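S.K.: My structure is in start.txt, and what it holds is compact mmCIF, C-alpha atoms and all ligand atoms:
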```txt
# COMPACT_ATOMS: atom_id res chain seq x y z
CA MET A 1 76.95 63.28 135.89
CA LEU A 2 77.39 60.36 133.54
CA GLN A 3 74.30 58.26 133.10
CA ARG A 4 74.67 54.50 133.37
CA ARG A 5 73.33 52.85 130.24
CA THR A 6 70.92 50.02 130.85
CA VAL A 7 71.41 47.34 128.26
CA ALA A 8 69.49 44.40 129.58
CA SER A 9 66.92 43.77 132.21
CA ALA A 10 68.07 41.83 135.25
CA ALA A 11 65.83 38.95 134.18
CA THR A 12 67.49 38.52 130.77
CA ARG A 13 71.05 39.00 131.98
CA PRO A 14 73.14 35.82 132.25
CA LYS A 15 74.36 35.21 135.79
CA LEU A 16 78.00 36.11 136.44
CA PRO A 17 80.23 33.70 138.28
CA PRO A 18 80.35 34.94 141.87
CA THR A 19 84.05 35.86 141.82
CA ALA A 20 84.03 37.66 138.46
CA PRO A 21 84.62 41.40 138.74
CA ARG A 22 81.70 43.62 137.83
CA ALA A 23 82.07 44.96 134.28
CA TYR A 24 81.89 48.72 134.29
CA PHE A 25 79.74 49.14 131.25
CA CYS A 26 77.52 46.20 130.42
CA PRO A 27 77.55 43.39 132.94
CA ARG A 28 75.78 41.02 130.56
CA GLN A 29 78.81 40.98 128.34
CA LEU A 30 80.77 38.60 130.50
CA PRO A 31 79.61 35.13 129.48
CA SER A 32 78.25 33.06 132.32
CA ASN A 33 80.42 30.11 131.39
CA GLN A 34 83.62 32.10 131.31
CA SER A 35 86.35 31.46 133.84
CA PRO A 36 86.70 34.24 136.40
CA ALA A 37 90.40 34.36 135.55
CA ALA A 38 89.71 35.17 131.89
CA SER A 39 87.15 37.84 132.80
CA ALA A 40 89.51 39.35 135.34
CA MET A 41 92.27 39.59 132.76
CA ALA A 42 90.14 41.57 130.31
CA SER A 43 88.49 43.73 132.94
CA HIS A 44 91.86 44.91 134.36
CA ASP A 45 93.77 45.35 131.11
CA PHE A 46 94.25 48.92 129.84
CA ARG A 47 96.85 48.13 127.18
CA SER A 48 94.49 47.92 124.22
CA ASP A 49 90.90 47.33 123.15
CA THR A 50 92.10 44.09 121.55
CA VAL A 51 92.46 42.35 124.92
CA THR A 52 88.76 41.68 125.42
CA THR A 53 87.16 38.29 125.74
CA PRO A 54 84.19 37.14 123.58
CA THR A 55 80.87 38.07 125.14
CA ALA A 56 77.92 35.78 125.80
CA GLU A 57 76.24 37.17 122.66
CA MET A 58 79.28 36.41 120.51
CA LEU A 59 79.56 32.88 121.85
CA ALA A 60 75.85 32.34 121.27
CA ALA A 61 76.21 33.61 117.70
CA LEU A 62 79.12 31.24 117.13
CA ALA A 63 77.10 28.34 118.48
CA GLN A 64 74.05 29.13 116.40
CA ALA A 65 75.73 30.02 113.09
CA LEU A 66 75.42 27.68 110.18
CA SER A 67 78.95 26.41 109.84
CA HIS A 68 78.56 24.82 106.44
CA GLY A 69 79.51 26.58 103.22
CA ASP A 70 83.00 27.20 101.86
CA ASP A 71 83.71 30.91 101.60
CA VAL A 72 86.40 30.43 98.94
CA TYR A 73 83.50 29.18 96.73
CA HIS A 74 81.34 32.12 97.88
CA GLU A 75 79.08 29.53 99.56
CA SER A 76 79.21 30.56 103.20
CA HIS A 77 75.75 31.92 103.86
CA ALA A 78 76.75 33.52 107.19
CA THR A 79 79.78 35.23 105.63
CA ASN A 80 77.85 36.41 102.56
CA SER A 81 75.02 37.87 104.59
CA PHE A 82 77.49 39.55 106.99
CA GLN A 83 79.36 41.13 104.07
CA ALA A 84 76.07 42.30 102.53
CA PHE A 85 75.00 43.80 105.86
CA ILE A 86 78.26 45.73 106.27
CA ALA A 87 78.25 46.91 102.62
CA ASP A 88 74.76 48.27 103.20
CA LEU A 89 75.76 49.92 106.47
CA PHE A 90 78.60 51.79 104.75
CA GLN A 91 76.70 52.23 101.48
CA LYS A 92 79.54 50.70 99.45
CA PRO A 93 79.01 48.29 96.54
CA ALA A 94 81.07 45.42 97.93
CA ALA A 95 82.62 44.08 101.14
CA LEU A 96 85.08 41.33 101.99
CA PHE A 97 85.65 39.62 105.33
CA VAL A 98 89.37 39.29 106.10
CA ALA A 99 91.49 38.04 108.97
CA SER A 100 92.81 41.26 110.47
CA GLY A 101 93.19 45.00 110.19
CA THR A 102 96.66 44.62 108.73
CA MET A 103 95.35 42.27 106.08
CA GLY A 104 92.49 44.67 105.38
CA ASN A 105 94.81 47.64 104.89
CA GLN A 106 97.35 45.76 102.83
CA LEU A 107 94.80 44.11 100.55
CA SER A 108 93.04 47.44 100.02
CA LEU A 109 96.24 49.26 99.12
CA LYS A 110 97.34 46.43 96.83
CA SER A 111 93.94 46.16 95.15
CA LEU A 112 93.71 49.84 94.29
CA GLU A 113 96.37 48.85 91.73
CA PRO A 114 98.06 51.99 90.49
CA ARG A 115 100.40 51.37 87.54
CA GLY A 116 104.10 52.14 87.43
CA PRO A 117 106.33 53.35 90.23
CA TYR A 118 104.23 55.10 92.80
CA SER A 119 104.05 56.25 96.37
CA ILE A 120 101.45 56.24 99.12
CA ILE A 121 101.22 59.25 101.39
CA CYS A 122 100.15 58.74 105.01
CA ASP A 123 100.49 60.14 108.50
CA LYS A 124 103.89 59.43 110.00
CA ARG A 125 102.19 57.74 112.96
CA ALA A 126 99.88 55.66 110.73
CA HIS A 127 99.49 51.94 111.28
CA VAL A 128 100.23 51.19 107.59
CA TYR A 129 103.58 52.94 107.94
CA ALA A 130 104.79 52.21 111.44
CA TRP A 131 103.15 48.97 112.48
CA GLU A 132 102.58 46.65 109.53
CA ALA A 133 106.03 45.13 109.07
CA ASN A 134 106.57 46.96 105.77
CA GLY A 135 103.60 45.18 104.23
CA VAL A 136 103.38 47.94 101.63
CA GLY A 137 106.95 47.33 100.48
CA LEU A 138 106.42 43.60 100.46
CA LEU A 139 103.05 43.38 98.74
CA SER A 140 102.60 46.59 96.75
CA SER A 141 106.21 47.53 95.98
CA ALA A 142 105.20 51.10 96.67
CA MET A 143 107.10 53.81 98.49
CA LEU A 144 105.49 55.23 101.61
CA THR A 145 105.72 58.97 102.11
CA PRO A 146 105.00 59.69 105.77
CA VAL A 147 104.08 63.23 106.76
CA PHE A 148 103.58 64.62 110.22
CA PRO A 149 100.47 66.81 110.66
CA GLU A 150 101.31 70.43 111.41
CA ASN A 151 98.60 70.60 114.08
CA GLY A 152 100.06 67.54 115.84
CA ILE A 153 96.70 65.77 115.84
CA HIS A 154 95.35 64.92 112.38
CA LEU A 155 96.24 65.41 108.73
CA THR A 156 94.81 68.37 106.83
CA LEU A 157 94.72 69.37 103.17
CA GLU A 158 97.82 71.52 103.73
CA ASP A 159 99.80 68.57 105.09
CA ILE A 160 98.84 66.47 102.10
CA LYS A 161 99.72 69.29 99.67
CA ARG A 162 103.09 69.59 101.38
CA GLY A 163 103.83 65.88 101.07
CA ILE A 164 102.25 64.92 97.78
CA VAL A 165 104.50 64.09 94.82
CA LEU A 166 103.19 64.85 91.34
CA GLU A 167 104.60 63.49 88.12
CA ASP A 168 108.33 63.83 87.54
CA ILE A 169 110.63 61.16 86.11
CA HIS A 170 112.77 61.30 89.26
CA THR A 171 109.91 60.53 91.60
CA ALA A 172 107.44 57.86 92.59
CA PRO A 173 104.27 59.96 92.14
CA THR A 174 101.59 59.81 94.82
CA LYS A 175 98.82 57.48 93.63
CA ILE A 176 97.18 56.69 96.97
CA ILE A 177 96.44 58.77 100.05
CA SER A 178 96.08 56.49 103.07
CA LEU A 179 94.23 58.05 106.00
CA GLU A 180 93.49 56.67 109.47
CA ASN A 181 90.44 57.40 111.64
CA THR A 182 90.74 57.29 114.59
CA LEU A 183 94.51 57.64 114.99
CA ASN A 184 95.74 57.38 118.57
CA GLY A 185 92.11 57.87 119.55
CA THR A 186 91.74 61.22 117.79
CA ILE A 187 89.28 61.91 115.01
CA LEU A 188 90.00 62.97 111.45
CA PRO A 189 87.24 65.57 111.01
CA ILE A 190 84.92 64.92 108.09
CA GLU A 191 85.62 68.42 106.70
CA ASP A 192 89.33 67.60 106.36
CA LEU A 193 88.54 64.23 104.84
CA ILE A 194 86.30 65.90 102.23
CA GLU A 195 88.95 68.49 101.30
CA ILE A 196 91.65 65.83 100.98
CA SER A 197 89.35 63.63 98.96
CA LYS A 198 88.57 66.49 96.52
CA LEU A 199 92.28 67.13 96.01
CA ALA A 200 92.77 63.42 95.38
CA LYS A 201 90.03 63.34 92.75
CA ASP A 202 91.50 66.38 90.97
CA HIS A 203 94.79 64.50 90.59
CA GLY A 204 93.45 61.00 89.89
CA ILE A 205 94.69 59.78 93.29
CA LYS A 206 92.84 57.05 95.21
CA VAL A 207 91.99 57.36 98.90
CA HIS A 208 92.13 54.50 101.41
CA LEU A 209 90.84 54.84 104.96
CA ASP A 210 92.21 52.68 107.76
CA GLY A 211 89.03 52.71 109.81
CA ALA A 212 90.02 50.06 112.34
CA ARG A 213 88.27 52.28 114.90
CA LEU A 214 85.97 54.23 112.59
CA TRP A 215 83.18 52.98 114.87
CA ASN A 216 84.56 55.17 117.64
CA ALA A 217 85.03 58.15 115.32
CA SER A 218 81.46 57.86 114.04
CA VAL A 219 79.94 57.64 117.52
CA ALA A 220 82.01 60.54 118.88
CA SER A 221 81.62 62.85 115.88
CA LYS A 222 78.02 61.86 115.08
CA VAL A 223 79.04 61.51 111.43
CA SER A 224 77.57 58.34 109.95
CA LEU A 225 79.74 55.48 108.78
CA SER A 226 78.37 55.89 105.26
CA GLU A 227 79.21 59.61 105.22
CA TYR A 228 82.86 58.78 105.95
CA ALA A 229 82.73 56.00 103.35
CA LYS A 230 81.35 58.29 100.64
CA HIS A 231 84.65 60.18 100.36
CA VAL A 232 87.09 57.28 100.06
CA ASP A 233 87.70 54.46 97.58
CA THR A 234 88.43 51.73 100.11
CA ILE A 235 87.98 51.35 103.86
CA SER A 236 89.14 48.72 106.28
CA VAL A 237 87.17 48.34 109.53
CA CYS A 238 88.04 46.04 112.45
CA PHE A 239 85.66 44.00 114.55
CA SER A 240 88.38 42.79 116.90
CA LYS A 241 89.27 46.21 118.39
CA GLY A 242 86.64 48.48 119.97
CA LEU A 243 83.85 46.01 119.12
CA GLY A 244 85.58 43.10 120.85
CA ALA A 245 84.97 40.31 118.31
CA PRO A 246 87.30 37.32 118.49
CA TYR A 247 88.39 37.77 114.88
CA GLY A 248 88.11 39.76 111.70
CA SER A 249 87.98 42.91 109.65
CA VAL A 250 86.03 43.93 106.58
CA ILE A 251 87.22 45.89 103.59
CA LEU A 252 84.83 47.88 101.45
CA GLY A 253 85.05 49.37 97.99
CA ASP A 254 83.69 49.01 94.47
CA GLU A 255 83.05 45.58 92.94
CA GLU A 256 86.22 45.57 90.86
CA THR A 257 88.54 46.49 93.74
CA ILE A 258 86.98 43.98 96.11
CA LYS A 259 87.18 41.28 93.45
CA MET A 260 90.93 41.93 93.24
CA ALA A 261 91.19 41.94 97.03
CA ARG A 262 89.52 38.51 97.15
CA TRP A 263 92.10 37.27 94.68
CA TYR A 264 95.03 38.65 96.66
CA ARG A 265 93.50 37.40 99.89
CA LYS A 266 93.63 33.88 98.42
CA ALA A 267 97.21 34.39 97.29
CA ILE A 268 98.40 35.14 100.80
CA GLY A 269 96.46 32.30 102.38
CA GLY A 270 93.65 34.41 103.79
CA GLY A 271 90.77 32.53 102.14
CA VAL A 272 89.25 31.04 105.30
CA ARG A 273 86.84 28.36 104.13
CA GLN A 274 84.61 27.88 107.20
CA SER A 275 84.52 31.59 108.00
CA GLY A 276 80.78 31.67 108.74
CA LEU A 277 81.18 31.16 112.48
CA LEU A 278 83.64 34.01 112.71
CA ALA A 279 81.44 36.29 110.62
CA ALA A 280 78.50 35.55 112.93
CA ALA A 281 80.57 36.49 115.98
CA ALA A 282 81.70 39.72 114.28
CA ARG A 283 78.06 40.59 113.51
CA ALA A 284 77.17 39.99 117.18
CA ALA A 285 80.04 42.31 118.15
CA TYR A 286 78.60 45.07 115.99
CA ASP A 287 75.04 44.54 117.27
CA ASN A 288 75.98 44.43 120.95
CA ILE A 289 79.11 46.50 121.47
CA PHE A 290 78.67 49.37 119.01
CA PRO A 291 75.82 50.80 121.15
CA THR A 292 78.13 50.84 124.20
CA LEU A 293 80.91 52.95 122.66
CA GLN A 294 79.41 56.27 123.70
CA ARG A 295 79.53 55.13 127.31
CA THR A 296 83.14 53.98 126.91
CA HIS A 297 84.06 57.42 125.56
CA GLU A 298 82.35 59.20 128.45
CA ILE A 299 84.24 57.13 130.98
CA THR A 300 87.52 57.68 129.13
CA LEU A 301 86.98 61.44 129.22
CA ALA A 302 86.13 61.42 132.92
CA LEU A 303 89.26 59.38 133.66
CA SER A 304 91.44 61.68 131.53
CA ASN A 305 90.23 64.70 133.51
CA TYR A 306 91.17 62.94 136.72
CA ILE A 307 94.61 62.08 135.33
CA ALA A 308 95.21 65.62 134.07
CA ASP A 309 94.28 66.99 137.50
CA LEU A 310 96.99 64.79 139.02
CA GLY A 311 99.47 66.64 136.81
CA TYR A 312 100.21 64.04 134.14
CA GLU A 313 100.90 65.41 130.69
CA LEU A 314 98.26 64.37 128.16
CA LEU A 315 99.80 64.20 124.70
CA LEU A 316 96.64 64.40 122.63
CA PRO A 317 93.07 65.56 123.14
CA VAL A 318 90.87 62.75 124.43
CA GLN A 319 88.09 62.25 121.87
CA THR A 320 87.22 58.55 121.98
CA ASN A 321 88.57 55.60 124.00
CA MET A 322 92.27 56.42 124.34
CA ILE A 323 94.35 58.58 126.63
CA LEU A 324 97.84 59.30 125.30
CA LEU A 325 100.04 60.48 128.12
CA ARG A 326 103.58 60.75 129.36
CA TYR A 327 104.55 58.93 132.52
CA PRO A 328 107.44 60.55 134.40
CA ASP A 329 108.75 57.06 135.21
CA PHE A 330 106.92 54.22 133.51
CA ASN A 331 108.95 51.51 135.24
CA GLU A 332 107.77 52.74 138.62
CA ILE A 333 104.15 52.98 137.48
CA ASP A 334 104.30 49.57 135.83
CA LYS A 335 105.61 48.01 139.03
CA GLU A 336 102.79 49.59 141.05
CA ALA A 337 100.22 48.57 138.43
CA LYS A 338 101.37 44.95 138.56
CA LYS A 339 101.14 44.97 142.34
CA ALA A 340 97.59 46.32 142.07
CA GLY A 341 96.65 43.66 139.51
CA ILE A 342 96.15 45.89 136.47
CA LYS A 343 97.95 45.89 133.12
CA LEU A 344 99.24 49.11 131.59
CA GLY A 345 101.18 49.95 128.44
CA ASN A 346 103.66 52.78 128.23
CA GLY A 347 102.24 55.98 126.78
CA ARG A 348 98.58 55.17 126.46
CA ILE A 349 95.52 54.01 128.35
CA VAL A 350 92.91 52.27 126.22
CA MET A 351 89.35 51.76 127.42
CA HIS A 352 86.93 49.08 126.31
CA HIS A 353 83.56 47.64 127.26
CA GLN A 354 84.96 45.08 129.71
CA ILE A 355 87.02 47.37 131.94
CA SER A 356 85.62 47.13 135.46
CA GLU A 357 84.98 49.85 138.03
CA ASP A 358 87.40 48.03 140.30
CA ALA A 359 90.15 48.35 137.65
CA ILE A 360 89.50 52.07 137.22
CA ASP A 361 89.71 52.60 140.99
CA LYS A 362 92.98 50.68 141.10
CA LEU A 363 94.39 52.66 138.19
CA LYS A 364 93.45 55.94 139.86
CA ASN A 365 95.17 54.83 143.08
CA VAL A 366 98.35 53.84 141.24
CA LEU A 367 98.47 57.10 139.30
CA ARG A 368 97.76 59.15 142.41
CA ARG A 369 100.60 57.44 144.29
CA CYS A 370 103.07 57.97 141.42
CA ALA A 371 102.00 61.52 140.47
CA ARG A 372 104.67 64.19 140.33
CA GLY A 373 102.40 67.15 139.49
CA GLY A 374 103.25 69.72 136.86
CA HIS A 375 101.07 69.55 133.77
CA LYS A 376 97.41 70.22 133.32
CA GLY A 377 95.49 68.76 130.42
CA PHE A 378 96.59 68.49 126.79
CA GLY A 379 100.19 69.62 126.60
CA GLY A 380 100.24 71.71 123.40
CA ASN A 381 103.63 72.17 121.75
CA SER A 382 105.71 69.87 123.89
CA ALA A 383 103.14 67.15 123.26
CA ILE A 384 103.47 67.75 119.54
CA GLU A 385 107.23 67.37 119.77
CA ILE A 386 106.80 64.03 121.48
CA GLN A 387 104.25 62.87 118.94
CA ARG A 388 106.76 63.55 116.17
CA THR A 389 108.73 60.59 117.48
CA SER A 390 107.22 57.61 115.74
CA ARG A 391 108.13 54.05 116.65
CA ILE A 392 110.21 53.87 113.46
CA ASP A 393 112.46 56.66 114.79
CA SER A 394 112.82 55.09 118.14
CA VAL A 395 113.38 51.39 117.60
CA GLY A 396 116.17 50.36 119.90
CA SER A 397 115.54 53.09 122.42
CA GLY A 398 113.52 52.65 125.58
CA TYR A 399 110.52 54.29 123.94
CA GLY A 400 110.84 51.86 121.05
CA SER A 401 109.79 49.02 123.26
CA LEU A 402 106.34 50.55 123.48
CA LYS A 403 103.84 48.09 122.05
CA ARG A 404 100.83 49.15 120.08
CA GLN A 405 98.14 46.71 118.95
C1 LIG B 501 94.56 51.87 113.33
C2 LIG B 501 94.89 50.43 113.17
N1 LIG B 501 94.87 49.90 111.95
C3 LIG B 501 95.16 48.61 111.73
C4 LIG B 501 95.47 47.78 112.77
C5 LIG B 501 95.85 46.34 112.49
O1 LIG B 501 94.95 45.46 113.00
P1 LIG B 501 95.37 43.92 113.27
O2 LIG B 501 96.12 43.92 114.54
O3 LIG B 501 94.03 43.24 113.35
O4 LIG B 501 96.17 43.47 112.11
C6 LIG B 501 95.50 48.29 114.07
C7 LIG B 501 95.84 47.43 115.21
O5 LIG B 501 95.60 47.76 116.34
C8 LIG B 501 95.22 49.65 114.27
O6 LIG B 501 95.28 50.20 115.49
```
Before we go any further, please render this structure as structure tokens.
M.R.:
Amino acid sequence: MLQRRTVASAATRPKLPPTAPRAYFCPRQLPSNQSPAASAMASHDFRSDTVTTPTAEMLAALAQALSHGDDVYHESHATNSFQAFIADLFQKPAALFVASGTMGNQLSLKSLEPRGPYSIICDKRAHVYAWEANGVGLLSSAMLTPVFPENGIHLTLEDIKRGIVLEDIHTAPTKIISLENTLNGTILPIEDLIEISKLAKDHGIKVHLDGARLWNASVASKVSLSEYAKHVDTISVCFSKGLGAPYGSVILGDEETIKMARWYRKAIGGGVRQSGLLAAAARAAYDNIFPTLQRTHEITLALSNYIADLGYELLLPVQTNMILLRYPDFNEIDKEAKKAGIKLGNGRIVMHHQISEDAIDKLKNVLRRCARGGHKGFGGNSAIEIQRTSRIDSVGSGYGSLKRQ
């Protein structure tokens, strides 16, 4: 039996508007002044964990933050103290608040600054390869070498050895390994990260970690954020995904790299002067939502078992807040979902702290009605075959219209 987490006493909880749906995880997170329509949208939306609405705590933090201080002059107290807090949490020398996960990844990769022609190796399904509008080509003039993990789930040392390019006049040698944790909701185990990082050191290669959802990986694996951080040169973490902040990511690294990142951030117009309010909301997201992730993962797992029992094919093991699955006929399911008042994306179900019990019941009903039977649980080899198809391969096809955020 899953235990319901109690996060606030009834007395301290803000009152919900009478028509707002009950949030499944932490009822206090729906602000009392929020329109029922906005709450309902977030609580019935399974497309991503980016669809949430700011919580009462985040709005209070925004209201209370000192808004003065220009961050381009390093004078925003709220931003400086947020960056110092996050640097301490990850045990990295320096941190920089940036607009988005894409900006965080791209500034990190650019600021690692290898010389000469070079390439960056990454998972073929990685965000930096498949979903960042060729930011690497545009900003770093580097070649991306995508590799698909042999185990179909996460990269290992062997995958990296297979894909790495060492020095040869004909090549763009690998100078950066870019990893992602979590990727499609699955965890890159710390043991694999350590092995890859050792190989990188032996060859003078830098390691970047896209940790947009490292929060989820850390909670699920019980490996601390700083332990992950110890083995990489730069990390980018998002506050606007699983933590539900209205804005922002942070990149971490040594002083020199982060100094360069600040420079490049300015060059691309990312120096937000009055960023203090946004930093305060991101801090509130960490303080209030991070402790709820375990609960989100438990509910995701319980839902995935239900879905597998209906015979849907799960494409990856369910380890955090995502269920990757194949719908026999997504158009049919989407139609039913719309009728039921829930939002679904093709190929994945993403859970977050504002999903309501009502939405989960509706989703179960839709999936039960549309079930065809057949598969049980994680689909092994056929799932791996499907995972080999990245969005890049499938642009223009029906599958290519799948949206990932
Ligand atoms: C793993 C990962 N990295 C980076 C990003 C980019 O984040 P943003 O949409 O804030 O640019 C995303 C977006 O969902 C992501 O899933």
S.K.: Might you pull out every residue within 8 Å of A:Thr52, with all atoms listed in the file counted and same-chain residues fewer than 3 positions away left off, and present them as a list of chain:residue names?
M.R.: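 After dropping sequence-adjacent residues, the list is A:Ala42, A:Ser43, A:Asp49, A:Gly244, A:His352, A:Gln354.
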S.K.: List the neighbours of A:Leu277 out to 9 Å using only C-alpha atoms; skip same-chain residues closer than 4 positions along the sequence, and give me the result as a count of residues only.
M.R.: 11
S.K.: Do you know which residues are at most 9 Å from A:Leu303 counting only C-alpha atoms, after dropping those on the same chain fewer than 4 positions away, and could you put them as a list in words?
M.R.: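 The residues satisfying every condition are Glu298, Ile299, Ile307, Ala308, Ile323, Ile360 and Lys364 of chain A.
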S.K.: Quick check, in Å to one decimal: how far apart do atom CA of A:Val350 and atom CA of A:Arg47 lie?
M.R.: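 Calculated distance between atom CA of A:Val350 and atom CA of A:Arg47 is 5.8 Å.
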S.K.: How many Å separate atom CA of A:Thr174 from atom CA of A:Asp254?
M.R.: 20.9 Å
